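Engineer: One structure follows; several queries about it will come next.
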There are 2 protein chains.
Amino acid sequence: MSPSSLDELIDALRCLPGVGPKSAQRMAYHLLQRDQRGAQRLAAALDHALRVIRHCARCNTFTEDEICARCLSQKRDASTLCVVEMPADLNMLEQTHAYHGMYYVLMGRISPLDGIGPKELHLDKLLARATDGSVGEVILATNFTNEGEATAHYLGEMLRARGLKVSRIARGLPVGGEIEHTDAGTIAQALVERRTL
Amino acid sequence: MSPSSLDELIDALRCLPGVGPKSAQRMAYHLLQRDQRGAQRLAAALDHALRVIRHCARCNTFTEDEICARCLSQKRDASTLCVVEMPADLNMLEQTHAYHGMYYVLMGRISPLDGIGPKELHLDKLLARATDGSVGEVILATNFTNEGEATAHYLGEMLRARGLKVSRIARGLPVGGEIEHTDAGTIAQALVERRTL
């Protein structure tokens, strides 16, 4: 008995990750009853983003240009290429102000359960970028999850086969971390990856 | 350094209830990277719903018509009016097949903390509906939360003052409920509201 345009909106909201039928219903009611301006703004933002956003031809991140501003910057070290899973990871690395090289954003990770293999990640684009002559070292900064580790392993093999120097960001205790409250896997890895002082 | 259309989309997604900055970012990446068709569909559904959905002149629920199909139905008992907070509550009551009267949907509840008082709920519309001559009994089916109870109390006073018969749905143990695993408040209420057999 509910209007079809409401059913369609509730159904359409379910394309959002983590949104099930109950949340979608709650969101639709909220938008129609309490925030029509927000809903209008969301519709317009979706439309606009879908029209103008594409992938940077060099680093694969989201951009409105052929090549993003970061890739065009003359101030960055062109000889190191840091590979991350998502733009959010790139943002976190940038916030450290500890890295001044280039990036490549995979836009995902190898995840067989989700049907995402090397082909779906378009790794040929990364390979072309890493072997374009400017890159001396590739730093793999994928997550330390199962999928992120598998991705780093696959990329390591692939890039080393092309004669590239490949490194992986370190595992260990976080800054301020206490051994007593750290999981065993992290402590074991911190021992293996210990640095000579 | 991220494109402004992406920032705008992430910001616009935060109008959805329960969506903070991290979820909004994750949703935006997902839509742009993995589900552009879903995003297009969502934008269109929002646009369409905002244009065609309005409130039923009689029961206040969402509809595309002046008066919704349920209010126009000749098969329903016009002498009882059940007041609920949201259309989702109405749907649950309909699924019981135990009620065949009319409804009024408040589209909210009295909630001083959220700045929603009797005026914001447009209770004059409910009052006009309840006193239009057809209604013999008003059943208050707001939630048994603090806000729902306060709303029921306020509505009860208001409607009784107009000489209407007002009732409240019962509290008690759920079907299949075990006393051992029921909270004390519910047990106490089930004792107070006990039925003579």
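Note on naming: chains are A, B, ... as they come in the structure tokens, residues start from 1 per chain, ligands start from 1 in the order shown.
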Near range 11-17 of chain B, counting only C-alpha atoms, which residues have an atom at most 8 Å away, once you skip same-chain residues fewer than 6 positions from it, shown as a list in words?
Structural biologist: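 Residues meeting the cut-off are Arg26, Met27, His30, Leu31, Asp35, Gly38, Ala39, Arg41, Leu42 and Ala45 of chain A; Ala24, Met27 and Ala28 of chain B.
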Engineer: Could you turn the residues from that selection into a file that holds N, CA and C atoms, as a PDB file, in the first residue's frame?
Structural biologist:
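Listed below is the output, result.pdb:
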```
ATOM      1  N   ARG A  26      14.405   3.698   7.203  1.00  0.00           N
ATOM      2  CA  ARG A  26      14.607   4.810   8.140  1.00  0.00           C
ATOM      3  C   ARG A  26      15.201   6.023   7.417  1.00  0.00           C
ATOM      4  N   MET A  27      16.174   5.765   6.525  1.00  0.00           N
ATOM      5  CA  MET A  27      16.790   6.861   5.782  1.00  0.00           C
ATOM      6  C   MET A  27      15.776   7.564   4.884  1.00  0.00           C
ATOM      7  N   HIS A  30      13.440   9.658   6.929  1.00  0.00           N
ATOM      8  CA  HIS A  30      14.148  10.835   7.436  1.00  0.00           C
ATOM      9  C   HIS A  30      14.293  11.900   6.348  1.00  0.00           C
ATOM     10  N   LEU A  31      14.736  11.459   5.162  1.00  0.00           N
ATOM     11  CA  LEU A  31      14.966  12.417   4.078  1.00  0.00           C
ATOM     12  C   LEU A  31      13.662  13.110   3.680  1.00  0.00           C
ATOM     13  N   ASP A  35      14.454  16.162   6.099  1.00  0.00           N
ATOM     14  CA  ASP A  35      15.602  16.786   5.438  1.00  0.00           C
ATOM     15  C   ASP A  35      15.468  16.736   3.917  1.00  0.00           C
ATOM     16  N   GLY A  38      18.485  18.279   2.264  1.00  0.00           N
ATOM     17  CA  GLY A  38      19.621  17.360   2.231  1.00  0.00           C
ATOM     18  C   GLY A  38      19.458  16.339   1.118  1.00  0.00           C
ATOM     19  N   ALA A  39      18.227  15.861   0.925  1.00  0.00           N
ATOM     20  CA  ALA A  39      17.971  14.873  -0.125  1.00  0.00           C
ATOM     21  C   ALA A  39      18.212  15.469  -1.505  1.00  0.00           C
ATOM     22  N   ARG A  41      20.196  17.950  -2.157  1.00  0.00           N
ATOM     23  CA  ARG A  41      21.633  18.159  -2.286  1.00  0.00           C
ATOM     24  C   ARG A  41      22.328  16.839  -2.624  1.00  0.00           C
ATOM     25  N   LEU A  42      21.883  15.737  -1.982  1.00  0.00           N
ATOM     26  CA  LEU A  42      22.483  14.433  -2.238  1.00  0.00           C
ATOM     27  C   LEU A  42      22.259  13.994  -3.679  1.00  0.00           C
ATOM     28  N   ALA A  45      24.541  16.050  -5.846  1.00  0.00           N
ATOM     29  CA  ALA A  45      25.952  15.689  -5.666  1.00  0.00           C
ATOM     30  C   ALA A  45      26.273  14.370  -6.358  1.00  0.00           C
TER      31      ALA A  45
ATOM     32  N   ALA B  24      30.546   7.986   5.245  1.00  0.00           N
ATOM     33  CA  ALA B  24      30.211   8.758   4.046  1.00  0.00           C
ATOM     34  C   ALA B  24      31.322   8.600   2.995  1.00  0.00           C
ATOM     35  N   MET B  27      31.059   5.148   1.539  1.00  0.00           N
ATOM     36  CA  MET B  27      29.919   5.062   0.619  1.00  0.00           C
ATOM     37  C   MET B  27      30.245   5.720  -0.715  1.00  0.00           C
ATOM     38  N   ALA B  28      30.876   6.902  -0.657  1.00  0.00           N
ATOM     39  CA  ALA B  28      31.196   7.626  -1.894  1.00  0.00           C
ATOM     40  C   ALA B  28      32.158   6.805  -2.759  1.00  0.00           C
TER      41      ALA B  28
END
```
Engineer: May I have all residues of chain A that DSSP, computed from the backbone, assigns to strand (DSSP E or B), given as a list in words?
Structural biologist: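 The strand (DSSP E or B) residues within chain A come out as Arg54, His55, Phe62, Thr63, Asp77, Ala78, Ser79, Thr80, Leu81, Cys82, Val83, Val84, Gly101, Met102, Tyr103, Tyr104, Val105, Ser111, Ile116, Glu137, Val138, Ile139, Leu140, Lys165, Val166, Ser167 and Arg168 of chain A.
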Engineer: Assign secondary structure with DSSP using the backbone only, and return the residues of range 5-176 of chain A in helix (DSSP H, G or I) as a ChimeraX atom specification.
Structural biologist: /A:5-13,21-34,36-52,69-72,87-95,112-114,123-130,146-160
Engineer: Quick one: everything within 9 Å of range 60-65 of chain A, counting only C-alpha atoms, minus sequence neighbours fewer than 2 positions away in the same chain. Send it as a list in words.
Structural biologist: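 Those residues are Ala49, Val52, Ile53, Arg54, His55, Cys56, Ala57, Arg58, Ile67, Cys68, Ala69, Met86, Pro87, Tyr103, Tyr104, Val105, Leu106, Met107, Lys125 and Leu126 of chain A; Ser2, Pro3, Ser4, Ser5, Leu6, Tyr29 and Leu32 of chain B.
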Engineer: Would you mind reading off the distance between CA of Gln25 in chain B and CA of Ile10 in chain B, one decimal, in Å?
Structural biologist: 5.5 Å
Engineer: Within 6 Å of range 88-101 of chain A, counting only C-alpha atoms, which residues show up once you throw out same-chain ones fewer than 3 positions away? Write them as a list in words, please.
Structural biologist: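 Final neighbour list, sorted by chain and number: Arg76, Asp77, Ala78 and Thr80 of chain A.
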Engineer: Just to be explicit: take each residue in the selection above, keep all heavy atoms, and write the result as a compact mmCIF listing (two decimals), in the first residue's frame.
Structural biologist:
```
# COMPACT_ATOMS: atom_id res chain seq x y z
N ARG A 76 57.36 16.86 -5.66
CA ARG A 76 57.38 15.52 -5.08
C ARG A 76 58.50 14.68 -5.69
O ARG A 76 58.93 14.89 -6.81
CB ARG A 76 56.02 14.83 -5.28
CG ARG A 76 54.88 15.67 -4.67
CD ARG A 76 53.60 14.89 -4.61
NE ARG A 76 53.64 13.87 -3.58
CZ ARG A 76 53.05 13.97 -2.39
NH1 ARG A 76 52.37 15.04 -2.07
NH2 ARG A 76 53.15 12.99 -1.51
N ASP A 77 58.95 13.69 -4.91
CA ASP A 77 60.01 12.79 -5.33
C ASP A 77 59.45 11.76 -6.32
O ASP A 77 58.70 10.87 -5.92
CB ASP A 77 60.59 12.10 -4.08
CG ASP A 77 61.55 10.98 -4.45
OD1 ASP A 77 61.98 10.92 -5.63
OD2 ASP A 77 61.87 10.17 -3.56
N ALA A 78 59.83 11.89 -7.58
CA ALA A 78 59.25 11.02 -8.62
C ALA A 78 59.82 9.61 -8.60
O ALA A 78 59.32 8.73 -9.30
CB ALA A 78 59.48 11.66 -9.99
N THR A 80 60.02 7.42 -5.99
CA THR A 80 59.35 6.42 -5.15
C THR A 80 57.85 6.43 -5.44
O THR A 80 57.24 7.48 -5.61
CB THR A 80 59.55 6.68 -3.64
OG1 THR A 80 59.20 8.03 -3.35
CG2 THR A 80 60.97 6.41 -3.22
```
Engineer: Between A:Cys59, A:Glu147, A:Val166, A:Arg70, which one has atoms that come closest to chain B, using only C-alpha atoms?
Structural biologist: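 The closest residue to chain B is A:Arg70.
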Engineer: Work out how far CA of Thr145 in chain A is from CA of Ala188 in chain A, in Å to one decimal.
Structural biologist: 16.0 Å
Engineer: Skip Val135 in chain A itself and residues of its chain fewer than 4 positions away, then list as a PyMOL selection string all residues within 9 Å of it, counting only C-alpha atoms.
Structural biologist: chain A and resi 78-81+129-131+164
Engineer: Excluding same-chain residues fewer than 6 positions from range 110-123 of chain A, what lies within 8 Å of it counting only C-alpha atoms, as a list in words?
Structural biologist: Glu147, Gly148, Ala150 and Thr151 of chain A
Engineer: State, in Å with one decimal place, the distance from CA of Cys71 in chain A to CA of Glu85 in chain A.
Structural biologist: 17.1 Å
